[in-house]
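For reference, model_12.txt is printed below; it contains compact mmCIF, C-alpha atoms.
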```txt
# COMPACT_ATOMS: atom_id res chain seq x y z
CA MET A 183 -6.21 -7.78 -37.76
CA THR A 184 -2.87 -6.06 -38.26
CA ALA A 185 -1.60 -2.60 -37.33
CA GLN A 186 -2.20 -1.53 -40.95
CA ASP A 187 -5.94 -1.97 -40.44
CA PHE A 188 -5.93 0.92 -37.97
CA ILE A 189 -4.38 3.58 -40.24
CA LEU A 190 -6.81 6.42 -40.99
CA LYS A 191 -6.71 6.90 -44.77
CA SER A 192 -8.70 10.15 -45.10
CA TYR A 193 -10.69 12.58 -42.97
CA ASN A 194 -12.71 15.79 -43.13
CA THR A 195 -10.30 18.73 -42.89
CA ASN A 196 -13.08 21.34 -42.46
CA ILE A 197 -14.04 20.55 -38.86
CA GLU A 198 -12.96 23.58 -36.81
CA LYS A 199 -13.54 22.48 -33.21
CA GLY A 200 -15.38 20.17 -30.87
CA THR A 201 -15.47 18.53 -27.44
CA VAL A 202 -15.74 14.89 -26.42
CA LYS A 203 -15.72 13.24 -23.00
CA TRP A 204 -15.20 9.65 -21.82
CA SER A 205 -14.78 7.80 -18.56
CA SER A 206 -12.58 4.73 -18.56
CA PRO A 207 -11.90 2.37 -15.65
CA SER A 208 -8.78 0.88 -14.23
CA ASN A 209 -8.35 -2.88 -14.32
CA ILE A 210 -6.75 -5.49 -12.11
CA ALA A 211 -4.81 -8.32 -13.71
CA LEU A 212 -5.36 -11.88 -12.54
CA VAL A 213 -2.57 -13.25 -14.74
CA LYS A 214 0.06 -10.52 -14.77
CA TYR A 215 1.72 -8.82 -17.74
CA TRP A 216 5.35 -8.13 -16.82
CA GLY A 217 7.93 -7.59 -19.53
CA LYS A 218 7.46 -6.20 -23.02
CA LYS A 219 9.04 -6.19 -26.46
CA GLU A 220 9.32 -3.30 -28.90
CA HIS A 221 6.18 -1.28 -29.69
CA GLN A 222 4.48 -2.17 -26.41
CA ILE A 223 4.07 -5.84 -27.32
CA PRO A 224 3.69 -8.05 -24.21
CA GLU A 225 6.13 -10.84 -23.46
CA ASN A 226 3.27 -12.90 -22.04
CA PRO A 227 -0.54 -12.89 -22.15
CA SER A 228 -2.63 -11.47 -19.32
CA ILE A 229 -6.25 -11.41 -18.19
CA SER A 230 -7.91 -8.82 -15.97
CA PHE A 231 -11.11 -7.77 -14.32
CA THR A 232 -12.24 -4.36 -15.53
CA LEU A 233 -13.24 -2.23 -12.54
CA SER A 234 -16.18 0.16 -12.15
CA ASN A 235 -15.58 2.84 -9.51
CA CYS A 236 -11.84 3.42 -10.04
CA LYS A 237 -11.82 5.36 -13.29
CA THR A 238 -10.45 8.36 -15.16
CA ILE A 239 -12.80 10.97 -16.62
CA THR A 240 -11.29 12.89 -19.53
CA GLU A 241 -12.72 15.74 -21.58
CA LEU A 242 -10.89 16.55 -24.82
CA THR A 243 -11.45 19.89 -26.56
CA TYR A 244 -9.92 20.28 -30.01
CA THR A 245 -9.46 23.46 -32.03
CA LYS A 246 -8.11 23.82 -35.59
CA LYS A 247 -4.67 25.46 -35.66
CA GLU A 248 -1.87 26.52 -37.96
CA GLY A 249 1.56 24.90 -37.94
CA ASN A 250 2.73 21.31 -38.02
CA ASP A 251 3.67 20.58 -34.43
CA PHE A 252 1.86 18.67 -31.70
CA SER A 253 -0.01 21.18 -29.55
CA PHE A 254 -1.79 20.32 -26.31
CA ASP A 255 -2.32 21.43 -22.73
CA VAL A 256 -3.04 19.04 -19.88
CA TYR A 257 -5.16 19.84 -16.84
CA PHE A 258 -5.34 17.36 -13.98
CA GLU A 259 -8.13 17.91 -11.48
CA GLY A 260 -8.56 21.49 -12.70
CA LYS A 261 -4.92 22.56 -12.64
CA MET A 262 -2.45 22.68 -15.52
CA ASN A 263 -0.06 19.75 -15.20
CA GLU A 264 3.27 19.90 -17.01
CA ALA A 265 4.43 16.57 -15.57
CA PHE A 266 1.99 14.61 -17.77
CA LYS A 267 3.10 16.26 -21.01
CA PRO A 268 6.18 14.15 -21.86
CA LYS A 269 4.18 10.91 -21.69
CA ILE A 270 1.40 12.35 -23.86
CA GLN A 271 3.98 13.73 -26.32
CA THR A 272 5.45 10.22 -26.64
CA PHE A 273 1.93 8.80 -27.02
CA PHE A 274 1.09 11.23 -29.85
CA GLU A 275 4.36 10.40 -31.60
CA ARG A 276 3.58 6.68 -31.42
CA ILE A 277 0.01 6.96 -32.72
CA GLU A 278 0.45 9.72 -35.34
CA GLN A 279 0.71 7.25 -38.23
CA TYR A 280 -2.73 5.90 -37.27
CA MET A 281 -4.27 9.35 -36.59
CA PRO A 282 -2.69 11.85 -39.01
CA PHE A 283 -5.04 14.64 -37.89
CA LEU A 284 -3.20 15.06 -34.57
CA ARG A 285 -1.00 17.88 -35.90
CA ASP A 286 -4.02 19.77 -37.27
CA TYR A 287 -5.49 20.62 -33.89
CA HIS A 288 -4.66 22.05 -30.51
CA PHE A 289 -5.98 19.78 -27.77
CA LYS A 290 -7.03 20.75 -24.27
CA ILE A 291 -7.02 17.62 -22.10
CA ASP A 292 -9.00 17.92 -18.86
CA THR A 293 -8.65 14.78 -16.77
CA GLU A 294 -9.39 13.59 -13.23
CA ASN A 295 -9.33 10.31 -11.33
CA THR A 296 -11.78 8.90 -8.81
CA PHE A 297 -8.82 7.40 -6.93
CA PRO A 298 -5.32 8.54 -5.82
CA HIS A 299 -2.98 9.05 -8.77
CA SER A 300 0.21 6.92 -8.95
CA SER A 301 -0.77 4.74 -6.00
CA GLY A 302 -0.74 1.37 -7.69
CA ILE A 303 -4.32 1.42 -9.03
CA ALA A 304 -3.21 1.55 -12.68
CA SER A 305 -3.90 5.23 -13.27
CA SER A 306 -1.97 5.05 -16.55
CA ALA A 307 -4.34 2.29 -17.72
CA SER A 308 -7.48 4.31 -17.08
CA GLY A 309 -5.88 7.60 -18.15
CA MET A 310 -4.46 6.43 -21.46
CA SER A 311 -7.56 4.43 -22.36
CA ALA A 312 -9.78 7.46 -21.67
CA LEU A 313 -7.58 9.65 -23.89
CA ALA A 314 -7.52 7.02 -26.65
CA LEU A 315 -11.32 6.81 -26.57
CA CYS A 316 -11.62 10.59 -26.80
CA LEU A 317 -9.34 10.61 -29.84
CA MET A 318 -11.42 7.86 -31.44
CA SER A 319 -14.53 9.99 -30.96
CA VAL A 320 -12.71 12.90 -32.61
CA GLU A 321 -11.79 10.57 -35.49
CA GLU A 322 -15.46 9.67 -35.90
CA GLU A 323 -16.44 13.33 -35.91
CA LEU A 324 -13.91 13.85 -38.69
CA GLY A 325 -15.77 11.30 -40.80
CA GLY A 326 -14.97 7.86 -39.44
CA ASP A 327 -17.96 5.51 -39.61
CA TYR A 328 -17.08 2.49 -37.50
CA SER A 329 -18.73 -0.55 -36.01
CA ASN A 330 -18.54 -0.85 -32.22
CA ASP A 331 -16.13 -3.76 -32.66
CA TYR A 332 -13.69 -1.79 -34.83
CA PHE A 333 -14.00 1.33 -32.63
CA ASN A 334 -13.17 -0.65 -29.48
CA LYS A 335 -10.32 -2.57 -31.06
CA LYS A 336 -8.66 0.54 -32.44
CA ALA A 337 -9.16 2.37 -29.12
CA SER A 338 -7.54 -0.59 -27.33
CA PHE A 339 -4.75 -0.68 -29.93
CA LEU A 340 -4.03 3.02 -29.41
CA ALA A 341 -4.29 2.82 -25.62
CA ARG A 342 -1.70 0.03 -25.62
CA LEU A 343 0.79 2.40 -27.26
CA GLY A 344 0.35 4.77 -24.31
CA SER A 345 0.36 2.17 -21.55
CA GLY A 346 0.30 -1.56 -22.13
CA SER A 347 -2.35 -2.44 -19.56
CA ALA A 348 -4.56 0.41 -20.82
CA CYS A 349 -5.67 -1.83 -23.68
CA ARG A 350 -7.56 -3.95 -21.12
CA SER A 351 -9.71 -1.03 -19.88
CA ILE A 352 -11.92 -0.44 -22.93
CA GLU A 353 -14.35 -3.29 -22.35
CA GLY A 354 -15.23 -5.75 -19.58
CA GLU A 355 -15.84 -7.68 -17.37
CA LEU A 356 -12.88 -9.94 -18.17
CA VAL A 357 -10.38 -8.88 -20.82
CA VAL A 358 -7.49 -10.86 -22.35
CA TRP A 359 -4.46 -9.32 -24.00
CA GLY A 360 -1.59 -11.18 -25.62
CA ALA A 361 -1.43 -13.97 -28.17
CA ASN A 362 -1.73 -17.42 -26.58
CA GLU A 363 -3.00 -20.92 -27.24
CA SER A 364 -6.03 -20.67 -24.94
CA THR A 365 -7.98 -17.75 -26.45
CA GLU A 366 -8.41 -15.79 -29.68
CA SER A 367 -6.63 -12.77 -28.23
CA SER A 368 -3.99 -10.58 -29.87
CA ASP A 369 -0.75 -8.85 -28.94
CA LEU A 370 -2.13 -5.67 -30.54
CA PHE A 371 -5.24 -5.06 -28.44
CA GLY A 372 -7.32 -6.49 -25.63
CA ILE A 373 -10.57 -8.38 -26.24
CA PRO A 374 -13.38 -9.50 -23.94
CA PHE A 375 -12.69 -12.99 -22.61
CA ASP A 376 -14.29 -15.41 -25.05
CA GLY A 377 -14.71 -18.40 -22.72
CA GLN A 378 -17.55 -19.44 -20.47
CA VAL A 379 -17.86 -17.67 -17.13
CA HIS A 380 -19.57 -19.43 -14.23
CA GLU A 381 -22.06 -17.56 -12.04
CA ASN A 382 -19.49 -17.65 -9.22
CA PHE A 383 -17.42 -15.07 -11.11
CA LYS A 384 -20.21 -12.71 -12.17
CA ASN A 385 -20.14 -9.25 -10.58
CA TYR A 386 -16.91 -10.17 -8.77
CA GLN A 387 -15.93 -7.79 -5.97
CA ASP A 388 -12.63 -5.95 -5.51
CA THR A 389 -11.84 -3.81 -2.49
CA ILE A 390 -8.59 -1.89 -2.86
CA LEU A 391 -6.80 -1.54 0.48
CA LEU A 392 -4.71 1.62 0.23
CA VAL A 393 -1.62 0.75 2.24
CA ASP A 394 0.40 3.53 0.60
CA LYS A 395 -1.20 6.37 -1.39
CA GLY A 396 2.13 7.93 -2.38
CA GLU A 397 4.07 7.67 -5.61
CA LYS A 398 5.11 4.17 -6.58
CA GLN A 399 8.68 3.27 -5.69
CA VAL A 400 9.35 1.96 -9.21
CA SER A 401 7.45 3.03 -12.33
CA SER A 402 5.93 0.29 -14.47
CA THR A 403 8.18 1.32 -17.37
CA VAL A 404 11.29 0.73 -15.25
CA GLY A 405 9.84 -2.49 -13.86
CA HIS A 406 9.18 -3.97 -17.29
CA LYS A 407 12.73 -3.19 -18.40
CA LEU A 408 14.06 -5.21 -15.47
CA MET A 409 12.79 -8.35 -17.23
CA TYR A 410 15.44 -7.92 -19.93
CA GLY A 411 18.11 -10.48 -19.05
CA HIS A 412 16.27 -11.53 -15.90
CA PRO A 413 17.46 -15.04 -14.95
CA PHE A 414 13.87 -16.29 -14.51
CA ALA A 415 12.20 -14.35 -17.33
CA GLN A 416 11.53 -17.20 -19.74
CA LEU A 417 10.18 -19.43 -17.00
CA ARG A 418 7.89 -16.62 -15.91
CA PHE A 419 6.55 -16.07 -19.45
CA SER A 420 5.86 -19.79 -19.80
CA GLN A 421 4.14 -19.84 -16.40
CA ALA A 422 1.79 -17.04 -17.48
CA HIS A 423 0.69 -19.03 -20.55
CA ASP A 424 0.03 -22.07 -18.35
CA ASN A 425 -1.87 -20.09 -15.74
CA LEU A 426 -4.08 -18.44 -18.36
CA ALA A 427 -5.00 -21.87 -19.74
CA LYS A 428 -5.80 -23.10 -16.22
CA LEU A 429 -7.80 -19.99 -15.44
CA LYS A 430 -9.95 -20.44 -18.54
CA THR A 431 -11.01 -23.86 -17.19
CA VAL A 432 -11.52 -22.45 -13.69
CA LEU A 433 -13.72 -19.58 -14.90
CA ALA A 434 -15.94 -22.04 -16.76
CA SER A 435 -16.25 -24.53 -13.88
CA GLY A 436 -16.67 -22.04 -11.04
CA ASP A 437 -13.74 -23.57 -9.13
CA LEU A 438 -13.12 -20.82 -6.57
CA GLU A 439 -10.45 -22.75 -4.67
CA THR A 440 -8.20 -23.07 -7.73
CA PHE A 441 -8.97 -19.46 -8.72
CA VAL A 442 -7.60 -18.32 -5.36
CA LYS A 443 -4.40 -20.34 -5.78
CA ILE A 444 -3.69 -19.06 -9.30
CA VAL A 445 -4.44 -15.41 -8.52
CA GLU A 446 -2.37 -15.26 -5.34
CA SER A 447 0.51 -17.15 -6.95
CA GLU A 448 0.51 -14.69 -9.86
CA ALA A 449 0.65 -11.73 -7.47
CA LEU A 450 3.54 -13.15 -5.48
CA THR A 451 5.39 -14.15 -8.66
CA LEU A 452 5.21 -10.57 -9.92
CA HIS A 453 6.83 -9.35 -6.72
CA ALA A 454 9.35 -12.20 -6.79
CA MET A 455 10.46 -11.00 -10.24
CA MET A 456 11.14 -7.55 -8.79
CA MET A 457 12.98 -8.96 -5.78
CA THR A 458 15.24 -11.08 -8.00
CA SER A 459 15.97 -8.48 -10.70
CA MET A 460 19.09 -6.35 -10.89
CA PRO A 461 18.68 -3.81 -9.40
CA TYR A 462 16.20 -5.43 -7.02
CA PHE A 463 13.22 -3.90 -5.23
CA ILE A 464 10.82 -4.80 -2.46
CA LEU A 465 7.54 -3.09 -3.32
CA MET A 466 5.48 -4.41 -0.41
CA LYS A 467 5.25 -2.54 2.89
CA PRO A 468 5.05 -4.19 6.32
CA ASN A 469 1.30 -3.54 6.34
CA THR A 470 0.99 -5.34 2.99
CA LEU A 471 2.35 -8.49 4.59
CA ASP A 472 0.16 -8.03 7.66
CA ILE A 473 -2.91 -7.84 5.42
CA ILE A 474 -1.90 -10.94 3.48
CA ASN A 475 -1.46 -12.94 6.66
CA ARG A 476 -4.81 -11.71 8.01
CA ILE A 477 -6.47 -12.79 4.75
CA TRP A 478 -4.96 -16.27 4.97
CA LYS A 479 -6.05 -16.62 8.59
CA TYR A 480 -9.59 -15.43 7.85
CA ARG A 481 -9.92 -17.74 4.84
CA GLU A 482 -8.92 -20.77 6.86
CA GLU A 483 -11.14 -19.94 9.83
CA HIS A 484 -14.24 -19.04 7.82
CA LYS A 485 -13.86 -21.36 4.81
CA SER A 486 -14.01 -18.22 2.70
CA ASN A 487 -13.08 -17.75 -0.96
CA VAL A 488 -11.56 -14.31 -0.42
CA CYS A 489 -8.09 -13.81 -1.91
CA PHE A 490 -5.64 -11.04 -2.67
CA THR A 491 -3.77 -9.80 -5.67
CA LEU A 492 -1.15 -7.07 -6.01
CA ASP A 493 0.05 -4.78 -8.76
CA ALA A 494 3.57 -3.37 -8.73
CA GLY A 495 3.11 -1.57 -5.43
CA ALA A 496 2.13 -1.93 -1.80
CA ASN A 497 -1.67 -1.78 -2.09
CA VAL A 498 -3.76 -4.93 -1.81
CA HIS A 499 -6.71 -5.83 -4.03
CA LEU A 500 -9.11 -8.00 -2.05
CA LEU A 501 -11.08 -10.21 -4.46
CA TYR A 502 -14.19 -12.11 -3.42
CA PRO A 503 -17.50 -13.40 -4.80
CA GLU A 504 -20.57 -11.17 -4.51
CA SER A 505 -22.16 -13.79 -2.23
CA GLU A 506 -19.55 -13.01 0.44
CA GLN A 507 -19.83 -9.23 0.20
CA THR A 508 -21.48 -8.57 3.58
CA ALA A 509 -19.09 -10.78 5.52
CA ILE A 510 -15.97 -9.45 3.77
CA HIS A 511 -17.01 -5.83 4.27
CA GLU A 512 -17.28 -6.53 8.00
CA PHE A 513 -13.86 -8.24 7.92
CA ILE A 514 -12.37 -5.18 6.25
CA GLU A 515 -13.92 -2.74 8.72
CA THR A 516 -12.98 -4.69 11.84
CA ASP A 517 -9.65 -6.27 10.87
CA LEU A 518 -8.01 -4.79 7.75
CA ALA A 519 -8.79 -1.07 7.67
CA LYS A 520 -6.26 -0.36 10.43
CA TYR A 521 -3.45 -1.47 8.08
CA CYS A 522 -4.49 1.07 5.42
CA GLN A 523 -3.18 4.61 5.22
CA ASN A 524 -5.74 6.72 7.12
CA GLU A 525 -7.91 3.56 7.12
CA HIS A 526 -8.70 4.30 3.46
CA PHE A 527 -10.03 1.65 1.12
CA ILE A 528 -12.20 1.63 -2.03
CA HIS A 529 -15.00 -0.84 -2.68
CA ASP A 530 -15.21 -1.76 -6.35
CA PHE A 531 -16.46 -4.56 -8.59
CA ALA A 532 -16.05 -5.96 -12.08
CA GLY A 533 -17.64 -3.66 -14.65
CA LYS A 534 -18.53 -3.40 -18.31
CA GLY A 535 -15.83 -0.97 -19.45
CA ALA A 536 -15.58 2.62 -20.64
CA GLN A 537 -18.52 4.97 -21.11
CA LEU A 538 -19.10 7.87 -23.49
CA ILE A 539 -20.19 10.96 -21.54
CA LYS A 540 -20.26 13.65 -24.23
CA ASN A 541 -19.97 13.58 -28.00
```

Could you write out this file's structure as structure tokens?
Amino acid sequence: MTAQDFILKSYNTNIEKGTVKWSSPSNIALVKYWGKKEHQIPENPSISFTLSNCKTITELTYTKKEGNDFSFDVYFEGKMNEAFKPKIQTFFERIEQYMPFLRDYHFKIDTENTFPHSSGIASSASGMSALALCLMSVEEELGGDYSNDYFNKKASFLARLGSGSACRSIEGELVVWGANESTESSDLFGIPFDGQVHENFKNYQDTILLVDKGEKQVSSTVGHKLMYGHPFAQLRFSQAHDNLAKLKTVLASGDLETFVKIVESEALTLHAMMMTSMPYFILMKPNTLDIINRIWKYREEHKSNVCFTLDAGANVHLLYPESEQTAIHEFIETDLAKYCQNEHFIHDFAGKGAQLIKN
């Protein structure tokens, strides 16, 4: 498919108002996307687990209006939020050619998260995917008659134009984004992983250890730009292709030991890119490193398959098979919680993707 396939050609102009509501989850990348080209096209492919409990719930109310401008209000957790408006304005400008009805309506966007905003749990991924899904439901109410496959692909395509990783939050449990030799994926949207998945990786667990619940030190937008002219950028992009190919084999075979090595290496590589950029940043906190060392010690002592991954922040995602859930929960309570801000962590697991709440 090409971008042209997502342009809405005609729609019913007589619909006066309506309300739709979606929940959409965050996701955690195993092979990281870091660096992008024009139009939110990734420099390298990525693969992620879609989460279940960490999600954004968005209700979109639309009302027919006069005039030819974009018109919307944003409410976050019940309060009007002006800070979100510039990003949504940019999003509307990017997607207008695919959704020409946007200027016909005033939109009230009511949104809330089940997790701390801007704390490194990909709130832009869940937020933008939830908004894109709401707009797709509006498009259907205006006369669009789509298959589930087309609906999901266009929602992912639109979400990508708001936040790159948002395109991986529409479906689950594993989603690939970015053209590569190992899968049938696309740069334009995310698709469910099309390879075999061993029972070892079904219902995989993710506990997010909230080391720092504050605003991220560096926004993802700034971080991606640091890959322009980065001395190790091309090697990094090549490494991501190689790791995705290896991970496809690992997911089919159930090789947990190699899974751990690839996932942790990817996390540390992401942070190495930030530490060797110009300007350079250290996104981990002392407690992040303490947690990593405790994980390595526990894994060696208990012959466990637990591992960590990181996004562009200080928080730690603890990944482990469902078969180890009881033991790892005890490990978290007795040994890791003390390194979290207010001993706060979130138990989550790989899920099926977004859900329609109201249409």

CA of Lys247 (chain A) to CA of Asn196 (chain A), straight-line distance in Å: 11.6 Å

Long-range neighbours of region 420-426 of chain A as a VMD selection string, 8 Å cut-off, only C-alpha atoms, 6 positions minimum in chain: chain A and resid 213 to 214 226 to 229 362 to 364 444

Nearest residue to Asp187 (chain A) from the set A:Leu370, A:Val432, A:Leu408, A:Leu500 (distances using only C-alpha atoms): A:Leu370

Contacts of region 319-332 of chain A within 7 Å, all atoms listed in the file, excl. fewer than 5 positions in-chain, as a tab-separated table (two decimals) with C-alpha atoms, keeping the file's coordinate frame:
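Final output, saved to around-v3.tsv:
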```
chain	number	residue	atom	x	y	z
A	193	TYR	CA	-10.69	12.58	-42.97
A	194	ASN	CA	-12.71	15.79	-43.13
A	197	ILE	CA	-14.04	20.55	-38.86
A	202	VAL	CA	-15.74	14.89	-26.42
```

Point-to-point distance from CA of Trp478 (chain A) to CA of Met456 (chain A), Å rounded to tenths: 22.9 Å

Which residue of A:Gly344, A:Glu512, A:Leu392, A:Glu439 approaches Ile473 (chain A) most closely, using only C-alpha atoms: A:Leu392

Could you list, as a short mmCIF file (atom, residue, chain, number, x, y, z; two decimals) with C-alpha atoms, keeping the file's coordinate frame, every residue within 7 Å of Asp376 (chain A), counting all atoms listed in the file and ignoring same-chain residues fewer than 2 positions away?
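Dumped everything to selection.cif:
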```
data_model
loop_
_atom_site.label_atom_id
_atom_site.label_comp_id
_atom_site.auth_asym_id
_atom_site.auth_seq_id
_atom_site.Cartn_x
_atom_site.Cartn_y
_atom_site.Cartn_z
CA THR A 365 -7.98 -17.75 -26.45
CA PRO A 374 -13.38 -9.50 -23.94
CA GLN A 378 -17.55 -19.44 -20.47
#
```

Closest of A:Ile474, A:Val404, A:Val488, A:Ala536 to Asn334 (chain A) - atom-to-atom distances counting all atoms listed in the file: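 Answer, going by the shortest atom-to-atom distance: A:Ala536.
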
Residue neighbourhood Thr201 (chain A), 12 Å, only C-alpha atoms, exclusion window fewer than 4 positions, as an MDAnalysis selection string: chainID A and resid 197 240:245 288:292 316:317 319:321 323 538:541

Counting only C-alpha atoms, the residue of A:His406, A:Arg342, A:Arg285, A:Lys485 that sits nearest Ser459 (chain A):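 Going through A:His406, A:Arg342, A:Arg285, A:Lys485 one by one, the smallest distance to Ser459 (chain A) is for A:His406.
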
All residues 12 Å or closer to Ser345 (chain A), all atoms listed in the file, same chain fewer than 2 positions away omitted, as JSON, numbers by chain: {"A": [208, 215, 218, 221, 222, 223, 224, 269, 270, 272, 273, 276, 304, 305, 306, 307, 308, 309, 310, 311, 312, 313, 314, 338, 339, 340, 341, 342, 343, 347, 348, 349, 350, 351, 371, 401, 402, 403, 406]}

Output C-alpha atoms for every residue in that selection, as a CSV table (one decimal), in the coordinates of the input.
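Saved as part.csv:
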```csv
chain,number,residue,atom,x,y,z
A,208,SER,CA,-8.8,0.9,-14.2
A,215,TYR,CA,1.7,-8.8,-17.7
A,218,LYS,CA,7.5,-6.2,-23.0
A,221,HIS,CA,6.2,-1.3,-29.7
A,222,GLN,CA,4.5,-2.2,-26.4
A,223,ILE,CA,4.1,-5.8,-27.3
A,224,PRO,CA,3.7,-8.0,-24.2
A,269,LYS,CA,4.2,10.9,-21.7
A,270,ILE,CA,1.4,12.4,-23.9
A,272,THR,CA,5.4,10.2,-26.6
A,273,PHE,CA,1.9,8.8,-27.0
A,276,ARG,CA,3.6,6.7,-31.4
A,304,ALA,CA,-3.2,1.6,-12.7
A,305,SER,CA,-3.9,5.2,-13.3
A,306,SER,CA,-2.0,5.0,-16.6
A,307,ALA,CA,-4.3,2.3,-17.7
A,308,SER,CA,-7.5,4.3,-17.1
A,309,GLY,CA,-5.9,7.6,-18.2
A,310,MET,CA,-4.5,6.4,-21.5
A,311,SER,CA,-7.6,4.4,-22.4
A,312,ALA,CA,-9.8,7.5,-21.7
A,313,LEU,CA,-7.6,9.6,-23.9
A,314,ALA,CA,-7.5,7.0,-26.6
A,338,SER,CA,-7.5,-0.6,-27.3
A,339,PHE,CA,-4.8,-0.7,-29.9
A,340,LEU,CA,-4.0,3.0,-29.4
A,341,ALA,CA,-4.3,2.8,-25.6
A,342,ARG,CA,-1.7,0.0,-25.6
A,343,LEU,CA,0.8,2.4,-27.3
A,347,SER,CA,-2.4,-2.4,-19.6
A,348,ALA,CA,-4.6,0.4,-20.8
A,349,CYS,CA,-5.7,-1.8,-23.7
A,350,ARG,CA,-7.6,-4.0,-21.1
A,351,SER,CA,-9.7,-1.0,-19.9
A,371,PHE,CA,-5.2,-5.1,-28.4
A,401,SER,CA,7.4,3.0,-12.3
A,402,SER,CA,5.9,0.3,-14.5
A,403,THR,CA,8.2,1.3,-17.4
A,406,HIS,CA,9.2,-4.0,-17.3
```

Exercise: residues within 10 Å of coordinate (-13.2, -7.5, -13.6), counting only C-alpha atoms, as a PyMOL selection string: chain A and resi 208-212+229-234+351+353-357+383-388+501+530-535

Two-atom distance - CA of Phe297 (chain A), CA of Lys261 (chain A) (Å): 16.7 Å

Distance criterion (only C-alpha atoms): nearest to Leu465 (chain A) out of A:Glu220, A:Glu294, A:Asp493, A:Glu515: A:Asp493

Minimum-distance residue to Glu446 (chain A), chosen among A:Leu429, A:Cys489, A:Arg481, A:Ala415 (using all atoms listed in the file):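 Nearest to Glu446 (chain A): A:Cys489.
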
Once 6 Å is added on each side, what are the centre and the three edge lengths, in Å to one decimal, of the axis-aligned box enclosing the listed atoms of region 373-379 of chain A? Present them as lines of an AutoDock Vina configuration file.
```
center_x = -14.2
center_y = -13.9
center_z = -21.7
size_x = 19.3
size_y = 23.1
size_z = 21.1
```
